[in-house]
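Text of work35.txt, listed as compact mmCIF, C-alpha atoms (C1' of nucleotides):
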```txt
# COMPACT_ATOMS: atom_id res chain seq x y z
CA MET A 6 0.00 0.00 0.00
CA ASN A 7 1.33 3.45 -0.93
CA ILE A 8 1.11 6.51 1.28
CA GLY A 9 -1.93 7.77 -0.60
CA GLN A 10 -3.90 4.63 0.07
CA ALA A 11 -2.76 4.56 3.68
CA SER A 12 -3.86 8.15 3.97
CA LYS A 13 -7.33 7.45 2.63
CA ALA A 14 -7.67 4.32 4.73
CA SER A 15 -6.59 6.03 7.93
CA GLY A 16 -7.91 9.52 7.54
CA VAL A 17 -4.45 10.95 8.14
CA SER A 18 -3.07 13.14 5.36
CA ALA A 19 0.05 11.98 3.55
CA LYS A 20 1.80 15.11 4.77
CA MET A 21 1.02 14.22 8.33
CA ILE A 22 2.09 10.62 7.93
CA ARG A 23 5.49 11.77 6.72
CA TYR A 24 5.62 14.28 9.55
CA TYR A 25 4.77 11.66 12.16
CA GLU A 26 7.51 9.49 10.77
CA ARG A 27 9.99 12.34 10.81
CA ILE A 28 9.36 13.24 14.45
CA GLY A 29 9.47 9.59 15.45
CA LEU A 30 5.84 9.10 16.40
CA ILE A 31 5.67 6.20 13.98
CA ALA A 32 8.46 3.96 12.82
CA PRO A 33 9.99 4.69 9.41
CA ALA A 34 7.96 2.91 6.78
CA ALA A 35 9.51 0.26 4.57
CA ARG A 36 10.44 1.40 1.08
CA GLU A 37 9.82 -0.03 -2.33
CA THR A 38 12.68 -0.09 -4.82
CA ASN A 39 11.46 3.21 -6.23
CA GLY A 40 11.68 4.83 -2.81
CA TYR A 41 7.94 4.87 -2.23
CA ARG A 42 6.84 4.15 1.34
CA VAL A 43 4.93 0.92 1.85
CA TYR A 44 2.24 0.45 4.46
CA THR A 45 0.57 -2.62 5.91
CA ASP A 46 -2.89 -2.91 7.38
CA ALA A 47 -1.24 -2.84 10.79
CA ASP A 48 0.34 0.49 9.95
CA VAL A 49 -3.04 1.84 8.92
CA HIS A 50 -4.42 0.57 12.18
CA THR A 51 -1.83 2.57 14.06
CA LEU A 52 -2.55 5.64 11.98
CA ARG A 53 -6.24 5.34 12.75
CA PHE A 54 -5.37 5.09 16.43
CA ILE A 55 -3.37 8.29 16.14
CA ARG A 56 -6.10 9.99 14.18
CA ARG A 57 -8.70 9.18 16.78
CA ALA A 58 -6.38 10.33 19.57
CA ARG A 59 -5.84 13.61 17.75
CA ASP A 60 -9.60 13.99 17.41
CA LEU A 61 -9.80 13.65 21.16
CA GLY A 62 -7.26 16.41 21.45
CA PHE A 63 -4.27 14.48 22.77
CA SER A 64 -0.92 16.09 22.11
CA ILE A 65 1.66 14.33 19.99
CA ALA A 66 3.69 13.60 23.11
CA GLN A 67 0.71 12.04 24.83
CA ILE A 68 -0.11 10.02 21.76
CA GLY A 69 3.42 8.69 21.74
CA ARG A 70 2.94 7.43 25.27
CA LEU A 71 -0.48 6.03 24.42
CA VAL A 72 0.87 4.14 21.45
CA SER A 73 3.64 2.66 23.59
CA LEU A 74 1.14 1.47 26.14
CA TRP A 75 -1.11 0.17 23.41
CA ARG A 76 1.73 -1.98 22.09
CA ASP A 77 2.70 -3.17 25.57
CA PRO A 78 0.76 -6.29 26.63
CA LYS A 79 1.98 -5.84 30.19
CA ARG A 80 0.64 -2.31 30.48
CA SER A 81 -1.48 -1.12 33.38
CA SER A 82 -4.76 0.50 32.49
CA ALA A 83 -3.94 2.92 35.31
CA ASP A 84 -1.16 4.40 33.18
CA VAL A 85 -3.51 4.94 30.27
CA LYS A 86 -6.11 6.44 32.53
CA ALA A 87 -3.53 8.80 34.01
CA ILE A 88 -2.69 10.19 30.59
CA ALA A 89 -6.36 10.67 29.84
CA ALA A 90 -6.90 12.36 33.20
CA GLU A 91 -3.97 14.67 32.62
CA HIS A 92 -5.39 15.59 29.24
CA VAL A 93 -8.89 16.14 30.60
CA ALA A 94 -7.48 18.41 33.27
CA GLY A 95 -5.76 20.46 30.59
CA LEU A 96 -8.92 20.64 28.54
CA LYS A 97 -10.94 21.79 31.51
CA ARG A 98 -8.42 24.48 32.34
CA LYS A 99 -8.62 25.67 28.80
CA ILE A 100 -12.39 25.60 28.78
CA LEU A 101 -12.55 27.67 31.93
CA GLU A 102 -10.16 30.18 30.46
CA LEU A 103 -12.26 30.53 27.33
CA GLN A 104 -15.49 30.71 29.29
CA THR A 105 -14.07 33.54 31.36
CA MET A 106 -13.33 35.41 28.15
CA VAL A 107 -16.79 34.74 26.79
CA ALA A 108 -18.43 35.99 29.98
CA ALA A 109 -16.44 39.21 29.93
CA LEU A 110 -17.05 39.76 26.23
CA GLU A 111 -20.75 39.06 26.38
CA ASP A 112 -21.12 41.47 29.25
CA LEU A 113 -19.37 44.18 27.28
CA ALA A 114 -21.27 43.40 24.10
CA ARG A 115 -24.55 43.54 25.97
CA ARG A 116 -23.75 47.05 27.10
CA CYS A 117 -22.68 48.15 23.62
CA HIS A 118 -25.37 49.83 21.56
CA GLY A 119 -23.97 48.48 18.33
CA ASP A 120 -25.17 51.42 16.27
CA HIS A 121 -23.60 54.15 14.15
CA ARG A 122 -22.29 56.09 17.15
CA PRO A 123 -18.68 55.78 18.28
CA GLU A 124 -19.28 55.30 22.01
CA CYS A 125 -18.48 51.73 22.91
CA PRO A 126 -18.03 49.98 26.27
CA ILE A 127 -15.91 47.33 24.60
CA LEU A 128 -13.27 49.81 23.52
CA GLU A 129 -13.54 51.56 26.85
CA ASP A 130 -12.77 48.33 28.63
CA LEU A 131 -9.80 47.61 26.39
CA GLU A 132 -8.62 51.15 26.86
CA GLY A 133 -8.66 50.58 30.59
CA ILE A 134 -11.42 52.98 31.57
CA GLY A 135 -13.09 50.61 33.94
CA ALA A 136 -9.83 49.64 35.60
CA PRO A 137 -9.72 49.53 39.40
CA ALA A 138 -7.24 52.32 39.93
CA PRO A 139 -5.90 54.90 37.51
CA GLU A 140 -2.32 55.07 38.80
CA ARG A 141 0.44 55.23 36.31
CA GLU A 142 1.91 51.76 36.91
CA ARG A 143 -1.48 50.13 37.03
CA ALA A 144 -0.73 47.47 34.45
CA THR A 145 2.03 45.85 36.44
CA GLU A 146 0.98 46.50 40.02
CA ARG A 147 -2.67 46.02 39.20
CA ALA A 148 -5.07 44.14 41.44
CA ARG A 149 -5.68 41.51 38.72
CA PRO A 150 -4.97 38.93 41.41
CA ALA A 151 -2.59 36.61 39.62
CA ALA A 152 -5.29 36.15 37.04
CA ALA A 153 -3.36 38.35 34.68
CA GLY A 154 -0.12 36.59 35.33
CA ARG A 155 -1.63 33.21 34.90
CA ALA A 156 -3.50 34.27 31.83
CA ARG A 157 -0.19 35.26 30.30
CA THR A 158 1.66 32.17 31.22
CA GLY A 159 -1.41 30.10 30.67
CA ARG A 160 -1.64 31.47 27.22
CA ALA A 161 1.60 30.11 26.01
CA ALA A 162 1.09 26.89 27.88
CA ALA A 163 -2.52 26.65 26.90
CA GLY A 164 -1.76 27.35 23.31
CA GLY A 165 0.65 24.50 23.66
CA LEU A 166 -2.18 22.36 24.83
CA ARG A 167 -2.84 22.12 21.18
CA MET B 19 10.93 56.02 27.73
CA ASN B 20 12.94 52.96 26.70
CA ILE B 21 11.42 49.65 25.69
CA GLY B 22 12.06 48.20 29.14
CA GLN B 23 10.07 50.89 30.87
CA ALA B 24 7.32 50.69 28.29
CA SER B 25 7.22 46.96 28.85
CA LYS B 26 6.83 47.30 32.59
CA ALA B 27 4.29 50.05 32.24
CA SER B 28 2.18 48.13 29.72
CA GLY B 29 2.60 44.56 30.82
CA VAL B 30 3.75 43.59 27.33
CA SER B 31 7.19 42.00 27.14
CA ALA B 32 9.90 43.81 25.22
CA LYS B 33 10.09 40.83 22.91
CA MET B 34 6.44 41.18 22.09
CA ILE B 35 6.62 44.93 21.60
CA ARG B 36 9.33 44.43 18.99
CA TYR B 37 7.31 41.65 17.45
CA TYR B 38 4.16 43.79 17.24
CA GLU B 39 6.19 46.48 15.57
CA ARG B 40 7.70 44.05 13.11
CA ILE B 41 4.36 42.65 12.01
CA GLY B 42 2.86 46.11 11.75
CA LEU B 43 0.40 45.94 14.61
CA ILE B 44 1.96 49.06 16.08
CA ALA B 45 3.79 51.84 14.27
CA PRO B 46 7.60 51.72 14.34
CA ALA B 47 8.79 53.52 17.44
CA ALA B 48 10.94 56.62 17.23
CA ARG B 49 14.62 56.05 17.84
CA GLU B 50 17.13 57.81 19.99
CA THR B 51 20.54 58.67 18.54
CA ASN B 52 21.88 55.42 19.98
CA GLY B 53 19.24 53.40 18.16
CA TYR B 54 17.12 52.71 21.23
CA ARG B 55 13.38 52.78 20.73
CA VAL B 56 11.54 55.61 22.47
CA TYR B 57 7.99 55.36 23.77
CA THR B 58 5.48 57.95 24.87
CA ASP B 59 2.65 57.56 27.36
CA ALA B 60 0.32 57.30 24.39
CA ASP B 61 2.33 54.35 23.08
CA VAL B 62 2.07 52.66 26.45
CA HIS B 63 -1.65 53.30 26.37
CA THR B 64 -1.88 51.49 23.07
CA LEU B 65 0.21 48.62 24.37
CA ARG B 66 -2.08 48.26 27.36
CA PHE B 67 -5.03 48.20 24.98
CA ILE B 68 -3.39 45.40 23.05
CA ARG B 69 -2.50 43.55 26.22
CA ARG B 70 -6.06 43.64 27.45
CA ALA B 71 -7.36 42.52 24.07
CA ARG B 72 -4.93 39.58 24.11
CA ASP B 73 -6.17 38.71 27.59
CA LEU B 74 -9.65 38.54 26.12
CA GLY B 75 -8.33 36.18 23.48
CA PHE B 76 -8.59 38.40 20.41
CA SER B 77 -6.29 37.43 17.57
CA ILE B 78 -3.62 39.81 16.38
CA ALA B 79 -5.66 40.47 13.24
CA GLN B 80 -8.73 41.32 15.26
CA ILE B 81 -6.71 43.55 17.53
CA GLY B 82 -5.42 45.36 14.49
CA ARG B 83 -8.98 46.13 13.48
CA LEU B 84 -9.92 47.09 17.02
CA VAL B 85 -7.02 49.50 17.30
CA SER B 86 -8.01 51.12 14.01
CA LEU B 87 -11.54 51.61 15.22
CA TRP B 88 -10.29 52.86 18.55
CA ARG B 89 -8.28 55.55 16.78
CA ASP B 90 -11.16 56.47 14.49
CA PRO B 91 -13.45 59.11 16.01
CA LYS B 92 -16.05 58.43 13.31
CA ARG B 93 -16.25 54.72 14.09
CA SER B 94 -19.54 52.91 14.60
CA SER B 95 -19.85 50.90 17.77
CA ALA B 96 -21.60 48.33 15.59
CA ASP B 97 -18.28 47.58 13.91
CA VAL B 98 -16.60 47.01 17.25
CA LYS B 99 -19.44 44.87 18.44
CA ALA B 100 -19.25 42.79 15.28
CA ILE B 101 -15.61 41.95 15.92
CA ALA B 102 -16.41 40.99 19.47
CA ALA B 103 -19.33 38.87 18.32
CA GLU B 104 -17.16 37.13 15.75
CA HIS B 105 -14.63 36.40 18.43
CA VAL B 106 -17.23 35.16 20.90
CA ALA B 107 -18.60 32.86 18.24
CA GLY B 108 -15.14 31.43 17.70
CA LEU B 109 -14.63 30.97 21.39
CA LYS B 110 -17.93 29.20 21.75
CA ARG B 111 -17.15 26.90 18.88
CA LYS B 112 -13.85 26.06 20.49
CA ILE B 113 -15.46 25.52 23.89
CA LEU B 114 -17.99 23.14 22.40
CA GLU B 115 -15.25 21.25 20.66
CA LEU B 116 -13.30 20.87 23.88
CA GLN B 117 -16.38 19.96 25.86
CA THR B 118 -17.15 17.24 23.37
CA MET B 119 -13.70 15.83 23.92
CA VAL B 120 -14.04 16.03 27.68
CA ALA B 121 -17.37 14.24 27.58
CA ALA B 122 -15.97 11.42 25.48
CA LEU B 123 -12.85 11.12 27.59
CA GLU B 124 -14.67 11.16 30.88
CA ASP B 125 -17.00 8.49 29.65
CA LEU B 126 -14.08 6.31 28.66
CA ALA B 127 -12.17 7.03 31.86
CA ARG B 128 -15.20 6.19 33.93
CA ARG B 129 -15.33 2.77 32.33
CA CYS B 130 -11.59 2.19 32.77
CA HIS B 131 -10.63 0.26 35.88
CA GLY B 132 -7.36 2.11 36.20
CA ASP B 133 -5.57 -0.78 37.85
CA HIS B 134 -2.60 -3.00 37.05
CA ARG B 135 -4.43 -4.95 34.37
CA PRO B 136 -3.95 -4.13 30.68
CA GLU B 137 -7.62 -4.09 29.62
CA CYS B 138 -8.63 -0.52 28.92
CA PRO B 139 -11.71 0.96 27.25
CA ILE B 140 -9.73 4.08 26.41
CA LEU B 141 -7.27 2.19 24.23
CA GLU B 142 -10.10 0.14 22.80
CA ASP B 143 -11.85 3.30 21.71
CA LEU B 144 -8.71 4.70 20.12
CA GLU B 145 -8.10 1.41 18.43
CA GLY B 146 -11.51 1.65 16.86
CA ILE B 147 -13.28 -1.24 18.58
CA GLY B 148 -16.45 0.64 19.19
CA ALA B 149 -16.51 2.10 15.70
CA PRO B 150 -19.81 2.05 13.81
CA ALA B 151 -18.77 -0.13 10.91
CA PRO B 152 -15.57 -2.03 10.31
CA GLU B 153 -15.30 -1.40 6.57
CA ARG B 154 -11.90 -0.64 5.17
CA GLU B 155 -12.48 3.01 4.27
CA ARG B 156 -14.34 3.81 7.46
CA ALA B 157 -12.09 6.66 8.51
CA THR B 158 -12.79 8.73 5.46
CA GLU B 159 -16.32 7.74 4.54
CA ARG B 160 -17.36 7.54 8.17
CA ALA B 161 -20.63 8.95 9.41
CA ARG B 162 -18.80 11.47 11.63
CA PRO B 163 -21.26 14.04 10.35
CA ALA B 164 -18.93 16.84 9.33
CA ALA B 165 -17.84 16.99 12.92
CA ALA B 166 -14.62 15.26 12.05
CA GLY B 167 -14.08 17.37 9.02
CA ARG B 168 -14.67 20.51 10.97
CA ALA B 169 -12.60 19.26 13.83
CA ARG B 170 -9.71 18.79 11.42
CA THR B 171 -10.08 22.11 9.72
CA GLY B 172 -11.21 23.66 12.91
CA ARG B 173 -8.09 22.45 14.58
CA ALA B 174 -5.74 24.47 12.47
CA ALA B 175 -8.17 27.33 12.42
CA ALA B 176 -8.96 26.95 16.07
CA GLY B 177 -5.35 26.80 16.97
CA GLY B 178 -5.23 29.98 15.03
CA LEU B 179 -8.22 31.26 16.92
CA ARG B 180 -5.83 32.89 19.27
C1' DC C 8 5.32 9.40 -26.06
C1' DT C 9 2.61 12.31 -23.58
C1' DT C 10 -0.30 13.28 -19.86
C1' DG C 11 -1.95 12.88 -15.34
C1' DA C 12 -1.80 11.02 -10.94
C1' DC C 13 1.00 9.58 -8.04
C1' DA C 14 5.47 9.71 -5.12
C1' DT C 15 9.80 11.98 -3.17
C1' DT C 16 12.40 15.87 -0.50
C1' DC C 17 12.96 20.46 1.08
C1' DC C 18 11.42 25.06 2.39
C1' DA C 19 8.08 28.37 4.07
C1' DA C 20 4.18 29.87 6.54
C1' DC C 21 0.63 30.30 10.10
C1' DA C 22 0.22 32.46 15.93
C1' DG C 23 2.34 33.85 19.37
C1' DT C 24 5.78 33.58 22.64
C1' DG C 25 10.21 32.43 24.85
C1' DG C 26 15.20 31.74 24.71
C1' DG C 27 19.58 32.93 23.57
C1' DA C 28 23.79 34.66 21.13
C1' DA C 29 26.72 38.47 19.73
C1' DG C 30 27.33 43.00 19.98
C1' DG C 31 26.75 48.24 21.41
C1' DT C 32 25.37 51.82 25.47
C1' DT C 33 24.69 53.73 29.50
C1' DT C 34 25.12 54.15 34.27
C1' DA C 35 26.81 53.38 38.90
C1' DG C 36 30.54 52.47 41.85
C1' DC C 37 35.26 52.73 42.81
C1' DG D 18 39.12 56.64 33.92
C1' DC D 19 37.90 51.67 34.39
C1' DT D 20 34.86 47.94 35.19
C1' DA D 21 30.65 45.52 35.86
C1' DA D 22 25.82 45.40 35.64
C1' DA D 23 21.88 46.40 33.32
C1' DC D 24 20.29 47.98 29.45
C1' DC D 25 19.53 48.08 24.36
C1' DT D 26 20.08 46.26 19.39
C1' DT D 27 19.43 42.52 15.63
C1' DC D 28 19.17 37.79 14.29
C1' DC D 29 18.16 33.03 14.57
C1' DC D 30 15.89 29.00 16.73
C1' DA D 31 12.25 26.43 19.27
C1' DC D 32 7.71 25.09 20.15
C1' DT D 33 2.59 22.70 18.10
C1' DG D 34 0.53 20.88 14.23
C1' DT D 35 -0.76 21.44 9.80
C1' DT D 36 -0.85 23.08 5.17
C1' DG D 37 1.08 24.83 0.99
C1' DG D 38 4.18 24.82 -2.71
C1' DA D 39 8.38 23.92 -5.69
C1' DA D 40 11.39 20.87 -7.99
C1' DT D 41 12.00 16.30 -9.26
C1' DG D 42 11.04 11.32 -10.04
C1' DT D 43 7.83 7.21 -11.19
C1' DC D 44 4.09 4.74 -12.85
C1' DA D 45 0.06 3.66 -15.62
C1' DA D 46 -3.19 4.52 -19.26
C1' DG D 47 -4.26 6.28 -23.69
```
In structure tokens, what does this structure look like?
Amino acid sequence: MNIGQASKASGVSAKMIRYYERIGLIAPAARETNGYRVYTDADVHTLRFIRRARDLGFSIAQIGRLVSLWRDPKRSSADVKAIAAEHVAGLKRKILELQTMVAALEDLARRCHGDHRPECPILEDLEGIGAPAPERERATERARPAAAGRARTGRAAAGGLR
Amino acid sequence: MNIGQASKASGVSAKMIRYYERIGLIAPAARETNGYRVYTDADVHTLRFIRRARDLGFSIAQIGRLVSLWRDPKRSSADVKAIAAEHVAGLKRKILELQTMVAALEDLARRCHGDHRPECPILEDLEGIGAPAPERERATERARPAAAGRARTGRAAAGGLR
DNA sequence: CTTGACATTCCAACAGTGGGAAGGTTTAGC
DNA sequence: GCTAAACCTTCCCACTGTTGGAATGTCAAG
């Protein structure tokens, strides 16, 4: 089976299959004399596993661990469950973060007339009008009780969630 | 004011300030004779605006539009509101996507013993045991009613959501 | 033999952000 | 006046995944 067939059969694009091979998530495929990669049904099975795991939002690193466990007959289901739990925790953190944004935005949007006039509570909020205290160094010293800091850090980390 | 002070005053890292300048989100800063960037209070104000917008999850592109509107005295609040609404819609889509994952994962985790034994419903799901039909081209033809397709596309796009 | 559908590799881009190197400046202390 | 620390500058790389394209090679059908 060529990469195109494996792609169709697994739902993973050929580009991604090559990428997964390159980063070591899957073993290098065998090659035909012409250099074409060859795939077996077992390979497709693995690719489908990966595809499904990606659909569930697991990171590549987590999928690597899941695949190892999957291949290991002596695995403990506890180890699998731990990875899932870790991932769920990350998802929930992310969801909360997004929900916080939605709540703030919907509140602002509700108060915005949304007409031809320029006055707009959304811009006023971004501008910092409604901020707790108007001191000069507000942005750093600000009351934002660690929420700001975590939002920052969380952003990079959360973006890395996937 | 040097970039370091502007960074502290705005809560935007110096790295990011330079980056925002490079991609054109903010105008190139004036330079001192030594080549150092100089910032005014107005610049810091803009940076704080951007910072707050990032905290609310707006993309750089959206922030660019928001800043333009902010600067435009003849703006319509409707335009601002539309950007916010667009963003909220994206956030909600993302939240739903993540919640769907959480629901599936929690269901699987609930059914997983999580002990020393290898049997694991989580791996079985990933493997495709519970899949609707075992035909060869399941993954592509699959009933996954556009949810998979959107998840795929949505992933790149959603990753790009913020 | 040509054409089209494959395959290959390599390079770039996306969104943001952090890290660091290699170099120039300024400032404070001595 | 010298030195060290704390700045600043530019440039390149990394991350996460995924897609796109270019340049080139191969195979099958007409």
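Near Met6 of chain A, within a cut-off of 8 Å and counting only C-alpha atoms (C1' of nucleotides), sit the residues Val43, Tyr44 and Thr45 of chain A, with same-chain residues fewer than 6 positions away left out.
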Residues of chain D near chain B: apply a cut-off of 10 Å, count all atoms listed in the file, and supply the list as an NGL selection string. :D and (24-26 or 33-36)
Give me, as number ranges by chain, the residues of chain C touching chain B, with the criterion being at most 9 Å (counting only C-alpha atoms (C1' of nucleotides)). C: 21-25, 31-32
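Taking atom CA of Ala108 of chain A as the reference point, atom CA of Gly133 of chain A is found at 17.6 Å.
Considering only C-alpha atoms, the residue among A:Asp112, A:Asp46, A:Asp120, A:Asp130 positioned nearest to chain B is A:Asp120.
Computed from the coordinates, the atom CA of Ile140 of chain B to atom CA of Phe63 of chain A distance equals 12.3 Å.
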Distance-based interface of chain A with chain B, 7 Å, counting only C-alpha atoms, as a PyMOL selection string: chain A and resi 13-16+54+57-58+61-62+75+78-83+86+89+93+96+100+103+106-107+110+114+117-125+128+131-132+142+144-145+156+167
For DA12 of chain C: contacts at 12 Å, only C-alpha atoms (C1' of nucleotides), fewer than 4 positions along chain excluded, given as a ChimeraX atom specification: /A:9 /D:43-46
Around all of segment 127-140 of chain B's listed atoms, make the axis-aligned box with 6 Å on each side and tell me centre and edge lengths in Å to one decimal, as AutoDock Vina command-line options.
```
--center_x -9.0 --center_y 1.0 --center_z 32.1 --size_x 24.7 --size_y 24.0 --size_z 23.4
```
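With atom C1' of DG42 of chain D on one side and atom C1' of DT15 of chain C on the other, the separation reads 7.0 Å.
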If you count all atoms listed in the file, which residues fall within 12 Å of DT20 of chain D, apart from same-chain ones fewer than 5 positions away, as a ChimeraX atom specification? /C:34-37
I need the residues from that last selection saved to file as a tab-separated table (two decimals), keeping the file's coordinate frame (with C-alpha atoms (C1' of nucleotides)), if you can.
```tsv
chain	number	residue	atom	x	y	z
C	34	DT	C1'	25.12	54.15	34.27
C	35	DA	C1'	26.81	53.38	38.90
C	36	DG	C1'	30.54	52.47	41.85
C	37	DC	C1'	35.26	52.73	42.81
```
